[in-house]
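Notes for the one structure printed next.
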Amino acid sequence: MATEQPVSCADAQTLTVLELPQLLERVASRASSPLGAALVRRLKPCPEVPTVLRRLGRLSQLRALIAEAGAPSLEGLLDVGPLLSRLAVDGAFLLPEELEVVCDFLGVVGRAASFLEPSEGRFDELYRLYYRLTPLPEVARRVRQVVGPGHSVASGASPQLARLRRDLQHARERLRSQLSALVGQGDLSSVFSDQIVTQRSDRYVVPVKTDAKGRLAGIVHDYSGSGATVFVEPLEAVEGNNQLALLRRQEREEEERILKEVARDLGRNLQALREDLLALAQLDCLLAQASFCQRLDCAEPILDHEGRIELIKARHPLLAWRALDGRGGKVAPINVSLGGEDQVLVVSGANAGGKTATLKTVGLLTLMAMCGLHVPANQGSRLAVYQQVMAELGDEQDLNQDKSTFTAHAGRLAQMVARAGRGTLVLIDELGGGTDPGEGAALGIAVLDWLKDQGATVLCTTHFQRLKAYAALTEGVQNVSVAFDTASGRPTYQLHYGLPGFSDALTVSRGLGFPPELIARAEAHLDHSEGQAVALMRQVHQARQEAEAARAEAQADRLAAASERQEARRLVKQAREERSGAVGEGKRRVREVAKRLEQRLEELYNRTQAAEAAGEPPKPGQVKQELYQARREAFAQVDQAVGASTPALEQAPPAAADPRRLKAGDAVELFSLGQRGVLLEDPRPGAESVAVSVGVAGVRVLVPLREMAPLPAGQRPEPIRREVFVQASAGDGLDLNVVGLTVEDALPLVDKALDQAILAGKPQLAVVHGVGTGRLKAAVREYLDHHPYVVATRRAEGRRGGNGVTVAELRE
C-alpha cells in the first residue's frame, strides 16, 4: 500500500536503543485493523520541518474533532485489496461470504465520512482526508440486499430467484410426501430397513434391505457401511428428482447472474474503493496515534527553528505506559533545556539516578515529534527537527567480532564524529567509559569539543571529574546533575542545572547490602585530594541550591506582586465602566429634571400673564421668590439624581499638618477651601488650633492647622477649581471659595451654596472672591443683594479676609 514515507534521519542502532519500535508497537495496539497497525509500525522520523508541522497539526485537529464528536467505529475494516484485484478481471465475481466483507468495508467508509464531514472549513488536514473518501450508499445497499444468512445469496436479491426457490420448495415437499407414502405401505414394510426418506447425490432415495432389493424397482445409489442396506431411488421418484435437479441448476445460474451483476457494480467503482481503502488505513493509523496520545495526556510540541529543546514535565512514554497498565511505578517528570547558549549538556550524578533515562526521554520524544506524534510533556514544550539523530547507549560488546565494550563504544563515537554537523542531535551515555578514566576523560573532552565545533547539539552522561570540570569551564557547555537524597539513599530524578552531580557510588552500594565494614574500607581507600575536591563541590552545590531557593522565593513574590497589580488594573477598569454607565444614567435623570423645570416655569409664566390680564398682578417679589424656589427644587433633584447614579468613592481623610514642620513660605493645601496657598508666617508654638495666615490669590484668611497639609517639594500653590459644598455640620468659617473663577462660573456655585446653606439652617454664608479687578466681587455682591433669602450683605472682618470676602446674612 503506497503511503508517504520520509527519508529516515536515524540509523537502526539509534532507533533500537531509543526504543522507537517498542513505542510504535504500543501505538499500533490501539489500531482497529491490521492495515492501520501496519502503517503505524512504518512511521519514520522525518527531517523536513513543513512535513512534521503538518502531521502534528493534523493530529491536533483529529484530537479536537474526537473531543467534540467522539471517535468513529472502524469495526469491520479488513484488507479488501485482494478482493478488489479479483474484481478487475472481466466476468469474475465474489462469493457471498466475500461480499459480506466488502459490505462491512462500505459501512466503515460511510461512518468515516460522517465523522470527517464536519471538518470542512475548520480542519484543513482532516478535510483533505475526507475528500479522498467516496461513500457508495447505493452500492452498499445492493450488496446488503444480495448477502443472505449463512453466506448465501438472499432470496430477495431478485424476483426470479425468489420464484425458483418457491418452486424448488414445493417440488421437494411433493417428492418427499410421495416417497413417505411409499415407505408407509403395509405390504412393503418388510422391504425397507427404516421408515425414512433420505438423500444420496442430491436425489431423494429410500433405505431397502439388501436381500429385498429385487422387490422394489428403482435405481441403486449407495450402500450402507455394513452392506445390509441399499439406498434405492424408486422409479416413480425419478421424474420428481429430475425436476428438482433442473430447478437447482436454474437457481445456481440465477445466483451466479446476481453475483456477477454486483461484481460489475463494484468494478465500476474500483478506483474509488481502492482510494477508500488507503484513506481508511491512514485514518485508522491516525486514530491509533490520537488514542495513544490521549491516554498518555500528550501535548503538541512547539517546533523550535533554532534547534532548542525545552521540555516541561516530560515523561518517558514507555515508562508512563507501563505505569498506566499497572506494571510500573509512578514516573517522575523532568524539565530539560538544551540548545541555544547551552549547546552541550553534561549530565552527572548517582548511579540509577535517571541519567540514562534523561537521554532516552529527550531522544525518544524528539523522534516521536519527528514522526508526527504528540509527546508526553506539558503544553509549551519545545522540540527541534534534526537532520540527524545519533545515540550511543548501553553495552555494545560484540564477542563474535572480537569487540570489547570500549572498542564498540569508541567505534560508535568515531561514526558520530564523522557524520555530525549543524542540525545533528547526539546522545552519548557514559562518554569515554570502558577504559582508563584518564584516557577516557581525555577522549571524551576531545569528542565534545569536536562535536561542538561542528555545530551539533549534544547530551551526554559521565562520572568523570575531568569532564565535569570541562563543562564548568567551557563556554556553551553546562553541567547538569541528577539529584540524590542522601538521607533516604534514593534518587529524586530531578535535574539541576549549573553544577555537576556526585556519583555517590559508596552511598548507593551501602543500600545494596554490602557489609558496613567493607564500605568503611572502601572509604579509606578514596584518594584524599579527590575527596577534598568532592567535599568542596558539595559545599558549592549546597550554596547553589540555597541561592536557587532564594531566587525561587523572590520570583514567587514578583509573581504575586504582578498578580496584585493585574487585579488592581482590573478593578480600576471595572470602576471606570461602572462610572461610565452611572454617568449616562445621571445625564438621563438630569434631562428629566430639566424637562419638569421647564414645564413648571411655563406654568408660572402663564399664571402670571393671566393674573395681570385679570387686573390682579402678583405681589412684589412673589414671582421672583417662586422662580428661586423652583430653581432650588430643581437643583435638589439634580443632586439626588447624580448622587443615586454615581458610585460612592470612599476616601481616607487627609493627614493634618504638623506645626513643627511648617514655616513661612511653605506651600500648603487647604482642605476646607479646596485651594492651595503659601504660609505668610511661622505657626506659633502650641497653637495647633489657632488660625494661620495663608495667602490665597491675594486674600488673607485664617485656616486651622488641622485643615491643611504641606505640598510635596517643587509643587506650586496654583488654585484648584473645585466645588465646596456646605454641610449641615459646618461651622461659621469660610463656606465658598470662587477665587480665580469667571463670573459665569462663580454665580451658579454661589446660588448652589445659598441653597445648601438654607437647607442646613446656617445663619450666614461667607463667599471668598478676592479683590483683583473687582469685577468678580461686584458680581457676587450684586447677586447676593438681590437674592430673596439674603437679608443683608457685608464685608468680612479684617482677620477673616476683609474686602476679599462677602458675608451674606440669610433669612430664617
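Just so we're on the same page: first chain in the C-alpha cells is A, next is B, and so on; residues restart at 1 for each chain, and ligands are numbered from 1 in the order they show up.
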Near-Gln764 in chain A list (10 Å; only C-alpha atoms; drop same-chain fewer than 6 positions) as a ChimeraX atom specification
/A:732-733,735,754,757-758,790-793,807-812
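Look at range 148-161 of chain A: the protein and nucleic acid residues within 9 Å of it, using only C-alpha atoms and passing over chain neighbours fewer than 4 places away, are Leu95, Pro96, Glu97, Glu98, Leu99, Glu100, Arg142, Arg144, Arg165, Arg166, Gln250, Glu251, Glu254, Glu255, Ile258 and Leu259 of chain A.
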Practice item. Mind checking which residues fall within 10 Å of range 449-455 of chain A, counting only C-alpha atoms, ignoring those fewer than 6 positions away in the same chain, and posting them as a PyMOL selection string? Key: chain A and resi 343-344+416-426+443+470+474+476-477
Write the residues you've just listed into a file as a compact mmCIF listing (two decimals), in the first residue's frame, and include N, CA, C and O atoms for each of them.
# COMPACT_ATOMS: atom_id res chain seq x y z
N GLN A 343 24.84 24.54 24.18
CA GLN A 343 24.85 23.61 23.06
C GLN A 343 25.13 22.18 23.51
O GLN A 343 24.72 21.22 22.87
N VAL A 344 25.84 22.06 24.63
CA VAL A 344 26.23 20.75 25.15
C VAL A 344 25.84 20.67 26.62
O VAL A 344 26.14 21.59 27.39
N MET A 416 29.94 8.90 14.86
CA MET A 416 29.27 10.17 15.18
C MET A 416 30.12 11.37 14.79
O MET A 416 29.61 12.35 14.22
N VAL A 417 31.39 11.31 15.11
CA VAL A 417 32.30 12.41 14.77
C VAL A 417 32.34 12.63 13.27
O VAL A 417 32.37 13.77 12.78
N ALA A 418 32.32 11.53 12.51
CA ALA A 418 32.41 11.64 11.05
C ALA A 418 31.13 12.21 10.44
O ALA A 418 31.18 12.90 9.42
N ARG A 419 29.98 11.95 11.06
CA ARG A 419 28.70 12.31 10.44
C ARG A 419 28.07 13.57 11.04
O ARG A 419 27.15 14.14 10.46
N ALA A 420 28.54 14.01 12.20
CA ALA A 420 27.88 15.11 12.91
C ALA A 420 28.10 16.44 12.21
O ALA A 420 29.11 16.66 11.54
N GLY A 421 27.15 17.31 12.37
CA GLY A 421 27.23 18.67 11.84
C GLY A 421 26.09 19.49 12.40
O GLY A 421 25.38 19.08 13.32
N ARG A 422 25.89 20.66 11.84
CA ARG A 422 24.79 21.51 12.29
C ARG A 422 23.47 20.81 11.98
O ARG A 422 23.29 20.22 10.91
N GLY A 423 22.56 20.85 12.92
CA GLY A 423 21.30 20.14 12.74
C GLY A 423 21.38 18.69 13.15
O GLY A 423 20.57 17.88 12.71
N THR A 424 22.36 18.35 14.00
CA THR A 424 22.52 16.97 14.48
C THR A 424 22.32 16.93 15.98
O THR A 424 22.83 17.78 16.71
N LEU A 425 21.56 15.95 16.44
CA LEU A 425 21.40 15.70 17.88
C LEU A 425 22.18 14.44 18.23
O LEU A 425 21.97 13.38 17.64
N VAL A 426 23.10 14.56 19.18
CA VAL A 426 23.96 13.45 19.58
C VAL A 426 23.69 13.14 21.05
O VAL A 426 23.76 14.03 21.90
N LEU A 443 39.60 11.52 25.90
CA LEU A 443 38.89 11.27 24.65
C LEU A 443 37.52 11.95 24.66
O LEU A 443 37.10 12.54 23.66
N TYR A 470 35.52 20.29 32.75
CA TYR A 470 35.49 20.83 31.38
C TYR A 470 34.17 21.55 31.13
O TYR A 470 34.14 22.67 30.57
N THR A 474 33.96 25.63 30.13
CA THR A 474 33.87 25.81 28.68
C THR A 474 32.58 26.51 28.31
O THR A 474 31.49 26.11 28.75
N GLY A 476 29.37 27.46 26.32
CA GLY A 476 28.47 26.65 25.51
C GLY A 476 28.25 25.26 26.05
O GLY A 476 27.49 24.48 25.46
N VAL A 477 28.93 24.92 27.14
CA VAL A 477 28.79 23.59 27.76
C VAL A 477 28.33 23.82 29.20
O VAL A 477 28.86 24.69 29.90
Set the distance at 12 Å and use only C-alpha atoms: which residues neighbour Cys293 in chain A once local chain neighbours fewer than 3 positions away are removed? I'd like the list as a count of residues only.
32
Here CA of Phe231 in chain A and CA of Arg249 in chain A stand apart by 23.7 Å
Which residue, A:Thr356, A:Gln282, A:Ser337, A:Thr361, has the smallest gap to Ala37 in chain A when you use only C-alpha atoms?
->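 Smallest separation from Ala37 in chain A among the options: A:Gln282.
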Legend entry - range 113-115 of chain A surroundings by only C-alpha atoms, 12 Å radius, close-in-sequence under 4 positions cut, as a PyMOL selection string: chain A and resi 62+65-74+106-109+119-120+126-137+276+279-280+283+287
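When only C-alpha atoms are used to compute distances to Ala263 in chain A, the closest of the residues A:Val139, A:Val80, A:Val805, A:Leu20 turns out to be A:Val139.
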Tell me which protein, DNA and RNA residues are within 12 Å of Ala237 in chain A, counting only C-alpha atoms, leaving out same-chain ones fewer than 6 positions away, and put them as a ChimeraX atom specification. /A:171-172,174-182,197,203-206,217-219,243-244
Exercise for the section: Check the DSSP output for the backbone and give back, as a list of chain:residue names, the residues of range 174-236 of chain A in helix (DSSP H, G or I). Expected result: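 DSSP on the backbone gives helix (DSSP H, G or I) at A:Arg174, A:Leu175, A:Arg176, A:Ser177, A:Gln178, A:Leu179, A:Ser180, A:Ala181, A:Leu182, A:Val183, A:Gly186, A:Asp187, A:Leu188, A:Thr210, A:Asp211, A:Ala212, A:Lys213, A:Gly214, A:Arg215, A:Leu235, A:Glu236.
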Separation of CA of Phe105 in chain A from CA of Arg268 in chain A in Å:
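Answer for the CA of Arg268 in chain A to CA of Phe105 in chain A separation: 16.6 Å.
Within range 330-426 of chain A, the backbone-based DSSP assignment of strand (DSSP E) covers Ile334, Asn335, Val336, Ser337, Leu338, Val344, Leu345, Val346, Val347, Ser348, Gly349, Arg382, Leu383, Gln388, Val389, Met390, Ala391, Glu392, Thr424, Leu425 and Val426 of chain A.
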| Please, what distance in Å, to one decimal, runs between CA of His409 in chain A and CA of Ala441 in chain A? |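 CA of His409 in chain A sits 13.5 Å away from CA of Ala441 in chain A.
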